[in-house]
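S.K.: Pasting a structure below so you can have a look.
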Amino acid sequence: MTVMALSCVYMAADVYLVCLQHALSTEKEEVMGLLIGEIDSKKVAHISAVVMLRRSDKRKDRVEISPEQLTNAAIQADKLTHELGRTMRVLGWYHSHPHITVWPSHVDVRTQAIYQMMDEGFVGIIISVFSEDKVSKEQQVQITCFQSTNQSPEGESPQYIRLEVPLHIQPTSCLSKPCLQSMVELPEILFQEEKDSYDATTKLTFLSILAQLNNKAVLTQALCHITEVVSGPLVMALEQRKANNQKRCRELLQERESLLTLKSTM
Amino acid sequence: MTVMALSCVYMAADVYLVCLQHALSTEKEEVMGLLIGEIDSKKVAHISAVVMLRRSDKRKDRVEISPEQLTNAAIQADKLTHELGRTMRVLGWYHSHPHITVWPSHVDVRTQAIYQMMDEGFVGIIISVFSEDKVSKEQQVQITCFQSTNQSPEGESPQYIRLEVPLHIQPTSCLSKPCLQSMVELPEILFQEEKDSYDATTKLTFLSILAQLNNKAVLTQALCHITEVVSGPLVMALEQRKANNQKRCRELLQERESLLTLKSTM
Amino acid sequence: MAAHICVTLSGPALSFLIYENVKCYCDQEGFLVGEIISHVTDTISDSQIRGEKTETIISVNSLMPIPSCLSFYNGVGKINEEKLKSFLKDKSKEVIGWYSFRRNSSLVPHLRDRLLHKELSAAVPHVSPEHFTMCLLNTSISNGGSTHVFNHKFLRYRHSKFEALPMQIHNLGETQPEYKIVPSTTSLSESFNNIIASLKVSHESGSDAALVCHIQRALQEHLRRLINDVAQSEIRVAELEKEVDMLRQQPGPMPNEVLLPQLLREDLN
Amino acid sequence: MAAHICVTLSGPALSFLIYENVKCYCDQEGFLVGEIISHVTDTISDSQIRGEKTETIISVNSLMPIPSCLSFYNGVGKINEEKLKSFLKDKSKEVIGWYSFRRNSSLVPHLRDRLLHKELSAAVPHVSPEHFTMCLLNTSISNGGSTHVFNHKFLRYRHSKFEALPMQIHNLGETQPEYKIVPSTTSLSESFNNIIASLKVSHESGSDAALVCHIQRALQEHLRRLINDVAQSEIRVAELEKEVDMLRQQPGPMPNEVLLPQLLREDLN
Ligand SMILES: [Zn+2]
């Protein structure tokens with residue numbers, strides 16, 4: 001067995017929150033993004049931030065990271081290095097499997113093998129969402145962590161298979177700013193994607209006035225949909241979280257006060 | 001065998017044109033309408049006009065004529081009686097079978113039986129459209145004419161089956177004004193249907209601003225679609241027909257002239 | 001470079017075509033009017049290879065029936081160029097094919113159809129030979145006369161053989177791509193486009209929905225005027241056909257010019 | 001009168017709920033915040049009978065986790081009404097259910113869950129008992145630790161037994177009815193609606209598309225400010241939790257009030 005380039009992966013709980021939220025945003029497409037963090041001397045990867053990616057190619061099964069996306073993510077990693085004071089770099093990718101099993105397809109395993117050629121420690125994460133048991137009404141989310149390994153002997157054409165990598169979802173005392181920022185990126189990305197699709201149509205000179213009116217109506221409908229299904233619920237969830245936190249602070253301050261007065265009277 | 005209430009049906013060619021055009025307007029829904037004409041002493045039905053009906057209930061399999069639609073059609077029949085100087089009345093109905101066989105479903109046969117209770121000569125016409133043979137690339141349109149008859153003996157619960165009625169598509173020297181008017185009704189009906197669906201939503205007070213914006217965008221898209229797919233092609237086809245007719249008139253006038261001068265020189 | 005070709009037809013175009021065939025009991029021929037639209041779209045196949053796909057759409061939007069008494073080709077299918085030109089006049093630019101309707105016959109091109117197709121294709125140079133289309137139609141009656149069947153098929157001539165073309169009838173039920181990104185194949189008449197363009201210019205404020213309603217109202221008025229003209233022209237043509245027909249049948253010497261087509265048209269099949 | 005009931009959940013709501021459960025290694029409980037929307041639609045069945053269908057949607061849009069150190073019910077599930085009130089404060093009107101997360105356990109309600117459910121339902125009168133919802137969650141690890149599985153299920157108590165409820169997660173991929181004609185179940189916060197309303201008023205000319213873009217930009221600014229507040233409050237809470245925790249552990253007499261919950265919380269299962 002070749003020496004493992006990666007012994008295990010620690011994913012911060014708030015990173016998992018962001019990836020899951022991205023995966024739950026659509027059951028019709030495989031979303032994807034890049035994972036940012038560092039690998040320590042004992043070959044343990046610590047993932048502490050996320051970069052959500054635009055679906056460059058809307059066709060369902062195409063999960064492929066463009067060079068621009070990789071460079072942009074590297075820039076964000078540098079920014080984080082300064083902010084967190086720890087060297088941050090792109091060390092993996094994730095994508096969603098809506099309605100299908102969590103296991104990587106052979107295309108996924110091949111894609112992962114290609115990334116590992118550039119960086120042997122590169123890790124692949126898949127989140128399966130929207131799977132439910134119609135009878136028991138139970139719903140399930142699964143997250144798996146893998147690398148690719150070539151099982152065919154030297155010299156023969158490579159046969160890549162999945163290599164399980166242990167994954168720990170690491171509790172975090174609080175929801176980090178970078179993760180919150182990634183969360184709020186999603187509606188922005190979706191809006192930009194929709195506007196770019198529309199803008200592309202405005203350049204088509206052969207389109208009739210009716211086609212142009214149609215396209216503007218499609219844009220409006222799509223933007224309303226994103227606002228209602230993504231922005232709205234995000235505002236609601238974050239406002240409620242802020243309220244919970246403020247309420248919790250008040251309760252803790254009271255408890256601290258009562259404890260301190262108690263101690264002082266002893 | 002009970003005495004046939006209807007020996008056979010003569011449908012004017014331009015009536016067939018209008019029904020076919022209505023059937024070809026959508027492959028996703030069964031369209032329907034009423035047939036106007038007269039039945040002569042020898043129980044032969046002559047169909048000479050059409051009233052296209054709105055789809056009161058958008059669900060695919062519901063083909064049902066409301067009382068209002070029947071009365072409205074009767075009014076149109078009276079108008080025609082004056083215009084054509086022949087007593088015109090509603091004497092049948094037609095509906096389309098997109099992608100499916102031309103034969104009436106058991107619901108169709110039962111509906112036909114109910115109409116026959118009101119008027120034993122009432123005739124049912126079905127047009128099957130959009131059926132194609134993927135291999136030979138041949139496409140097919142079928143039109144069938146039927147009534148319903150109760151095959152179960154007296155006293156037992158009725159068992160309605162299809163009764164074939166001979167149908168003749170009668171050549172017409174020209175495309176009649178009433179048929180042309182029905183043709184031009186279609187975009188009007190479709191527009192009204194769409195606007196009514198939209199207007200209904202504007203009365204829903206609980207709708208958010210986003211939902212209202214969405215609904216207006218849906219309306220715009222639908223109206224553009226109708227204009228492009230129905231109104232546009234109809235204008236094109238009728239303009240071409242007018243041009244053909246005018247050209248034909250010029251050619252005939254020339255021929256008449258040459259024949260007359262020839263005769264006069266004899 | 002994958003090429004994909006398809007015939008598209010509007011509902012009105014097909015219904016008028018079939019109407020021409022039921023309008024009288026005789027066989028029927030005529031020209032298909034429309035345009036050929038070629039559109040190149042990039043493709044990214046699974047194996048990452050970027051390719052280009054040309055999509056050629058033969059869009060039929062109306063027809064020019066050939067009056068049964070008039071003909072410009074002989075029994076074998078050889079055409080008379082002037083007669084054809086004089087028949088098509090300025091419309092020849094919009095001809096993209098022809099049709100032949102025969103009752104109770106199969107949709108297999110007869111020998112004469114094959115020859116005529118090549119001759120007509122040559123006479124309509126603005127359409128490339130492999131895009132010039134032949135539409136064969138037939139009709140038959142079954143089930144004791146209660147059911148009429150109408151079959152039709154589009155073919156083209158390529159690599160020295162006739163091949164059938166897939167056909168799509170534009171209708172409201174077609175699955176709509178969200179954004180319209182290909183040239184519309186439901187070609188619209190000039191008058192239609194002028195109406196829309198003028199309304200768009202004069203329409204600044206107000207929503208798009210209101211603009212489309214304006215367009216629709218203007219189109220309905222246009223259609224109303226149009227059907228009046230069509231109705232009158234229908235009656236006029238019918239009267240003249242009858243009148244000229246009688247003149248033709250009247251005893252007395254017949255000019256050669258009128259007789260010739262009849263003689264040459266003895267059917268080969 | 002057919003009745004149909006379903007739980008709807010936004011993506012953020014579910015992800016924050018699962019986050020609460022992975023945020024620390026202990027079991028976790030809390031309240032579900034949202035609204036109950038009942039909507040009556042007429043139905044026309046095939047047999048022509050006109051009927052009415054009430055559609056009840058239990059829309060969960062966020063949650064109120066109960067800090068592990070704080071508890072307001074005893075081991076058997078008997079709740080302390082004041083403590084619950086003081087915990088919920090003004091939020092009690094928006095509580096529509098509760099959740100219980102236990103690692104490596106099945107999604108079958110324990111005896112204590114059943115009792116607690118009835119008690120809590122009684123303490124939240126604005127929600128009818130058959131709409132008060134319980135969400136059970138669990139998680140387990142498999143495949144050599146490479147794969148984490150999260151299961152969750154919604155139940156309600158009706159006709160003296162717990163029944164599972166169908167669940168729908170709102171997302172962009174849901175098949176969209178053309179016209180929106182039912183109340184939106186993705187309930188939006190007041191601030192969200194105020195932003196939109198104010199923009200709509202000030203927006204006369206210009207297209208709807210432009211208005212939606214304005215709304216989106218305003219929302220993004222709102223979200224930016226919001227995450228700053230949330231980030232600060234997260235740090236503030238973490239610091240206070242640590243500080244108070246230390247104070248609690250420090251030797252020295254402990255007030256009864258703080259001790260009691262710990263004693264009573266000995267687990268029954
Ligand atoms: Zn995959």
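Each chain in the structure tokens gets a letter, A, B, ..., in the order shown, and its residues are numbered from 1; ligands are numbered from 1 in order too.
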For ligand 1, collect every residue having any atom at a distance of at most 7 Å from a ligand atom (counting only C-alpha atoms and all ligand atoms); output as a JSON list (two decimals) with all heavy atoms, in the first residue's frame.
M.R.:
```json
[["chain", "number", "residue", "atom", "x", "y", "z"],
["A", 95, "HIS", "N", -18.84, 18.40, -3.51],
["A", 95, "HIS", "CA", -20.00, 18.63, -4.39],
["A", 95, "HIS", "C", -21.19, 17.82, -3.87],
["A", 95, "HIS", "O", -21.02, 16.96, -2.99],
["A", 95, "HIS", "CB", -19.68, 18.26, -5.85],
["A", 95, "HIS", "CG", -19.55, 16.81, -6.15],
["A", 95, "HIS", "ND1", -18.40, 16.10, -5.83],
["A", 95, "HIS", "CD2", -20.39, 15.93, -6.73],
["A", 95, "HIS", "CE1", -18.56, 14.85, -6.24],
["A", 95, "HIS", "NE2", -19.75, 14.71, -6.77],
["A", 96, "SER", "N", -22.36, 18.17, -4.32],
["A", 96, "SER", "CA", -23.59, 17.55, -3.74],
["A", 96, "SER", "C", -24.11, 16.45, -4.65],
["A", 96, "SER", "O", -23.89, 16.45, -5.86],
["A", 96, "SER", "CB", -24.68, 18.62, -3.60],
["A", 96, "SER", "OG", -25.13, 19.03, -4.89],
["A", 97, "HIS", "N", -24.79, 15.50, -4.04],
["A", 97, "HIS", "CA", -25.49, 14.42, -4.76],
["A", 97, "HIS", "C", -26.95, 14.45, -4.37],
["A", 97, "HIS", "O", -27.37, 13.74, -3.45],
["A", 97, "HIS", "CB", -24.88, 13.06, -4.39],
["A", 97, "HIS", "CG", -23.68, 12.69, -5.19],
["A", 97, "HIS", "ND1", -23.08, 11.46, -5.11],
["A", 97, "HIS", "CD2", -22.98, 13.39, -6.12],
["A", 97, "HIS", "CE1", -22.05, 11.41, -5.95],
["A", 97, "HIS", "NE2", -21.97, 12.55, -6.57],
["A", 104, "PRO", "N", -19.04, 8.33, -4.60],
["A", 104, "PRO", "CA", -18.56, 9.02, -5.80],
["A", 104, "PRO", "C", -18.77, 8.17, -7.05],
["A", 104, "PRO", "O", -18.57, 6.96, -7.02],
["A", 104, "PRO", "CB", -17.08, 9.25, -5.52],
["A", 104, "PRO", "CG", -16.70, 8.28, -4.45],
["A", 104, "PRO", "CD", -17.93, 8.03, -3.65],
["A", 105, "SER", "N", -19.19, 8.85, -8.17],
["A", 105, "SER", "CA", -19.34, 8.11, -9.44],
["A", 105, "SER", "C", -17.94, 7.87, -9.99],
["A", 105, "SER", "O", -16.95, 8.45, -9.49],
["A", 105, "SER", "CB", -20.11, 8.99, -10.42],
["A", 105, "SER", "OG", -19.32, 10.16, -10.69],
["A", 108, "ASP", "N", -16.40, 11.04, -10.74],
["A", 108, "ASP", "CA", -15.89, 11.73, -9.54],
["A", 108, "ASP", "C", -14.51, 11.19, -9.15],
["A", 108, "ASP", "O", -13.59, 11.95, -8.89],
["A", 108, "ASP", "CB", -16.86, 11.48, -8.34],
["A", 108, "ASP", "CG", -18.21, 12.17, -8.57],
["A", 108, "ASP", "OD1", -18.24, 13.15, -9.35],
["A", 108, "ASP", "OD2", -19.20, 11.71, -7.98],
["A", 126, "ILE", "N", -18.25, 14.55, -0.51],
["A", 126, "ILE", "CA", -19.55, 14.53, -1.20],
["A", 126, "ILE", "C", -20.65, 14.56, -0.14],
["A", 126, "ILE", "O", -20.55, 13.88, 0.89],
["A", 126, "ILE", "CB", -19.71, 13.25, -2.06],
["A", 126, "ILE", "CG1", -18.62, 13.21, -3.15],
["A", 126, "ILE", "CG2", -21.10, 13.21, -2.71],
["A", 126, "ILE", "CD1", -18.67, 11.97, -4.02]]
```
S.K.: Write out as a PyMOL selection string all residues of range 13-193 of chain C that backbone DSSP assigns to strand (DSSP E).
M.R.: chain C and resi 28-44+50-66+95-101+133-142+147-158+161-165+167-170
S.K.: With distances taken over only C-alpha atoms, which residue among C:Ser38, C:Thr175, C:Gln232, C:Thr147 lies nearest chain B?
M.R.: C:Thr147
S.K.: Which residues, written as a list in words, have at least one atom at most 6 Å from range 15-25 of chain D, with only C-alpha atoms counted and residues fewer than 5 positions away on the same chain left out?
M.R.: Ala13, Leu17, Gln21, Pro171 and Thr172 of chain A
S.K.: May I have the residues from that selection written out with C-alpha atoms, as a PDB file, in the first residue's frame?
M.R.:
```pdb
ATOM      1  CA  ALA A  13     -18.691  22.198  12.223  1.00  0.00           C
ATOM      2  CA  LEU A  17     -22.992  24.015   7.978  1.00  0.00           C
ATOM      3  CA  GLN A  21     -26.625  24.787   3.179  1.00  0.00           C
ATOM      4  CA  PRO A 171     -17.308  21.055  17.121  1.00  0.00           C
ATOM      5  CA  THR A 172     -16.609  24.790  17.055  1.00  0.00           C
TER       6      THR A 172
END
```
S.K.: For CA of Val50 in chain A and CA of Cys8 in chain A, quote the distance in Å rounded to one decimal.
M.R.: 18.3 Å
S.K.: Write out as a list in words every residue belonging to chain A that has an atom at most 6 Å from any atom of chain B, counting only C-alpha atoms.
M.R.: Leu210, Asn214, Ala217, Gln221 and Cys224 of chain A
S.K.: How would the residues just picked look written out with C-alpha atoms as a PDB file, in the first residue's frame?
M.R.:
```pdb
ATOM      1  CA  LEU A 210     -41.082  38.964 -28.404  1.00  0.00           C
ATOM      2  CA  ASN A 214     -39.794  36.656 -22.930  1.00  0.00           C
ATOM      3  CA  ALA A 217     -39.737  37.893 -17.943  1.00  0.00           C
ATOM      4  CA  GLN A 221     -39.108  35.120 -12.470  1.00  0.00           C
ATOM      5  CA  CYS A 224     -37.865  36.439  -7.605  1.00  0.00           C
TER       6      CYS A 224
END
```
S.K.: Please identify all residues of chain A having at least one atom at most 6 Å from any atom of chain D, considering only C-alpha atoms, and return them as number ranges by chain.
M.R.: A: 13, 17, 21, 24-28, 137-145, 164-167, 171-172, 174, 177, 220, 232, 234, 236-237, 242, 245, 249, 256
S.K.: Could you tell me, as a PyMOL selection string, which residues of range 46-167 of chain B DSSP assigns to helix (DSSP H, G or I) when given the backbone?
M.R.: chain B and resi 67-84+106-118
S.K.: Identify, on the basis of only C-alpha atoms, every residue whose closest approach to Tyr157 in chain C does not exceed 12 Å; exclude the query and any residue fewer than 2 positions from it along the same chain; express the result as a compact mmCIF listing (two decimals) with C-alpha atoms, in the first residue's frame.
M.R.:
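What follows is the written file selection_35.txt:
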```
# COMPACT_ATOMS: atom_id res chain seq x y z
CA GLY C 97 -39.66 22.84 -51.14
CA PRO C 109 -41.67 8.94 -53.89
CA ASP C 113 -41.53 12.70 -58.01
CA ARG C 114 -37.79 11.93 -57.92
CA LEU C 115 -37.14 13.60 -61.28
CA LEU C 116 -39.40 16.55 -60.49
CA HIS C 117 -37.67 17.05 -57.12
CA LYS C 118 -34.25 17.36 -58.75
CA GLU C 119 -35.58 19.66 -61.48
CA LEU C 120 -37.38 21.93 -59.02
CA SER C 121 -34.37 22.01 -56.69
CA SER C 128 -28.93 24.22 -51.30
CA PRO C 129 -29.95 20.88 -52.89
CA GLU C 130 -29.70 18.97 -49.61
CA HIS C 131 -32.10 21.41 -47.95
CA PHE C 132 -34.74 21.46 -50.72
CA THR C 133 -37.62 19.49 -49.22
CA MET C 134 -40.35 17.23 -50.63
CA CYS C 135 -43.50 16.63 -48.57
CA PHE C 154 -40.84 15.20 -45.35
CA LEU C 155 -37.89 13.97 -47.42
CA HIS C 159 -25.86 11.33 -51.14
CA SER C 160 -27.97 10.26 -54.14
CA LYS C 161 -30.83 8.91 -52.10
CA PHE C 162 -34.03 10.26 -50.56
CA GLU C 163 -34.01 10.29 -46.73
CA ALA C 164 -36.91 11.11 -44.41
CA LEU C 165 -36.51 14.19 -42.19
```
S.K.: Let me make sure I understand: among C:His110, C:Met246, C:Leu32, C:Gly206, which one has the smallest atom-to-atom distance to chain D if we use only C-alpha atoms?
M.R.: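 Checking each candidate against chain D, we get C:Gly206 as the closest.
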S.K.: Quick one: everything within 9 Å of Ile47 in chain B, counting only C-alpha atoms, minus sequence neighbours fewer than 6 positions away in the same chain. Send it as a PyMOL selection string.
M.R.: chain B and resi 9-12+15+35-39+91-92
S.K.: Atoms to include: C-alpha atoms. Write the selected residues as a PDB file, in the first residue's frame.
M.R.:
```
ATOM      1  CA  VAL B   9     -72.275  13.373 -41.091  1.00  0.00           C
ATOM      2  CA  TYR B  10     -71.093  15.839 -43.726  1.00  0.00           C
ATOM      3  CA  MET B  11     -68.380  18.148 -42.356  1.00  0.00           C
ATOM      4  CA  ALA B  12     -67.428  21.109 -44.568  1.00  0.00           C
ATOM      5  CA  VAL B  15     -64.788  23.360 -40.673  1.00  0.00           C
ATOM      6  CA  LEU B  35     -70.099  22.048 -33.970  1.00  0.00           C
ATOM      7  CA  ILE B  36     -72.843  24.074 -35.600  1.00  0.00           C
ATOM      8  CA  GLY B  37     -75.060  23.074 -38.540  1.00  0.00           C
ATOM      9  CA  GLU B  38     -78.337  21.322 -39.320  1.00  0.00           C
ATOM     10  CA  ILE B  39     -79.748  17.792 -39.626  1.00  0.00           C
ATOM     11  CA  LEU B  91     -75.467  19.619 -33.178  1.00  0.00           C
ATOM     12  CA  GLY B  92     -72.225  18.173 -31.844  1.00  0.00           C
TER      13      GLY B  92
END
```
S.K.: Determine, counting only C-alpha atoms, which protein, DNA and RNA residues have an atom within 10 Å of an atom of Ser92 in chain D; residues of the same chain fewer than 2 positions away are not included. Present the result as a PyMOL selection string.
M.R.: chain D and resi 31+33+84-90+94-96+123-126
S.K.: Emit the selected residues as an mmCIF file, in the first residue's frame, including N, CA, C and O atoms.
M.R.:
```cif
data_model
loop_
_atom_site.group_PDB
_atom_site.id
_atom_site.type_symbol
_atom_site.label_atom_id
_atom_site.label_comp_id
_atom_site.auth_asym_id
_atom_site.auth_seq_id
_atom_site.Cartn_x
_atom_site.Cartn_y
_atom_site.Cartn_z
ATOM 1 N N PHE D 31 -36.485 24.363 20.415
ATOM 2 C CA PHE D 31 -37.822 24.620 19.874
ATOM 3 C C PHE D 31 -37.750 24.935 18.381
ATOM 4 O O PHE D 31 -36.764 25.490 17.894
ATOM 5 N N VAL D 33 -39.190 27.112 15.339
ATOM 6 C CA VAL D 33 -39.859 28.415 15.153
ATOM 7 C C VAL D 33 -40.409 28.487 13.735
ATOM 8 O O VAL D 33 -39.737 28.070 12.775
ATOM 9 N N LEU D 84 -40.274 27.600 31.580
ATOM 10 C CA LEU D 84 -40.458 27.530 30.126
ATOM 11 C C LEU D 84 -40.814 28.922 29.623
ATOM 12 O O LEU D 84 -40.195 29.439 28.688
ATOM 13 N N LYS D 85 -41.773 29.543 30.346
ATOM 14 C CA LYS D 85 -42.218 30.900 29.937
ATOM 15 C C LYS D 85 -41.014 31.837 29.932
ATOM 16 O O LYS D 85 -40.768 32.555 28.962
ATOM 17 N N SER D 86 -40.246 31.793 31.023
ATOM 18 C CA SER D 86 -39.130 32.759 31.105
ATOM 19 C C SER D 86 -38.111 32.462 30.014
ATOM 20 O O SER D 86 -37.432 33.359 29.507
ATOM 21 N N PHE D 87 -38.017 31.212 29.583
ATOM 22 C CA PHE D 87 -37.048 30.890 28.523
ATOM 23 C C PHE D 87 -37.567 31.415 27.174
ATOM 24 O O PHE D 87 -36.856 32.082 26.430
ATOM 25 N N LEU D 88 -38.849 31.158 26.912
ATOM 26 C CA LEU D 88 -39.393 31.509 25.586
ATOM 27 C C LEU D 88 -39.626 33.019 25.458
ATOM 28 O O LEU D 88 -39.464 33.598 24.395
ATOM 29 N N LYS D 89 -39.990 33.642 26.589
ATOM 30 C CA LYS D 89 -40.305 35.080 26.588
ATOM 31 C C LYS D 89 -41.260 35.402 25.436
ATOM 32 O O LYS D 89 -42.189 34.639 25.159
ATOM 33 N N ASP D 90 -41.022 36.465 24.647
ATOM 34 C CA ASP D 90 -42.011 36.884 23.621
ATOM 35 C C ASP D 90 -42.036 35.916 22.426
ATOM 36 O O ASP D 90 -42.916 35.956 21.583
ATOM 37 N N GLU D 94 -44.252 32.176 18.357
ATOM 38 C CA GLU D 94 -43.755 31.638 17.073
ATOM 39 C C GLU D 94 -43.310 30.177 17.186
ATOM 40 O O GLU D 94 -42.846 29.594 16.209
ATOM 41 N N VAL D 95 -43.442 29.608 18.404
ATOM 42 C CA VAL D 95 -43.000 28.206 18.551
ATOM 43 C C VAL D 95 -44.079 27.290 17.984
ATOM 44 O O VAL D 95 -45.262 27.428 18.311
ATOM 45 N N ILE D 96 -43.707 26.379 17.105
ATOM 46 C CA ILE D 96 -44.700 25.459 16.499
ATOM 47 C C ILE D 96 -44.307 24.005 16.752
ATOM 48 O O ILE D 96 -44.953 23.082 16.288
ATOM 49 N N ALA D 123 -48.499 23.755 26.652
ATOM 50 C CA ALA D 123 -47.930 25.058 27.079
ATOM 51 C C ALA D 123 -47.880 26.034 25.897
ATOM 52 O O ALA D 123 -47.547 27.210 26.060
ATOM 53 N N VAL D 124 -48.189 25.572 24.703
ATOM 54 C CA VAL D 124 -48.166 26.453 23.510
ATOM 55 C C VAL D 124 -49.565 26.415 22.876
ATOM 56 O O VAL D 124 -49.797 25.785 21.851
ATOM 57 N N PRO D 125 -50.516 27.091 23.563
ATOM 58 C CA PRO D 125 -51.932 26.955 23.172
ATOM 59 C C PRO D 125 -52.257 27.467 21.770
ATOM 60 O O PRO D 125 -53.205 27.026 21.146
ATOM 61 N N HIS D 126 -51.446 28.408 21.245
ATOM 62 C CA HIS D 126 -51.838 28.984 19.934
ATOM 63 C C HIS D 126 -51.665 27.968 18.813
ATOM 64 O O HIS D 126 -52.094 28.170 17.683
#
```
S.K.: To one decimal in Å, tell me the separation between CA of Glu120 in chain B and CA of Arg55 in chain B.
M.R.: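 These two atoms are separated by 25.1 Å.
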S.K.: With only C-alpha atoms as the counted atoms, please give the residues lying no more than 7 Å from Gly121 in chain A, apart from itself and same-chain residues fewer than 4 positions off, as a list in words.
M.R.: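 These residues fall inside the cut-off: Ala5, Leu6 and Gln116 of chain A.
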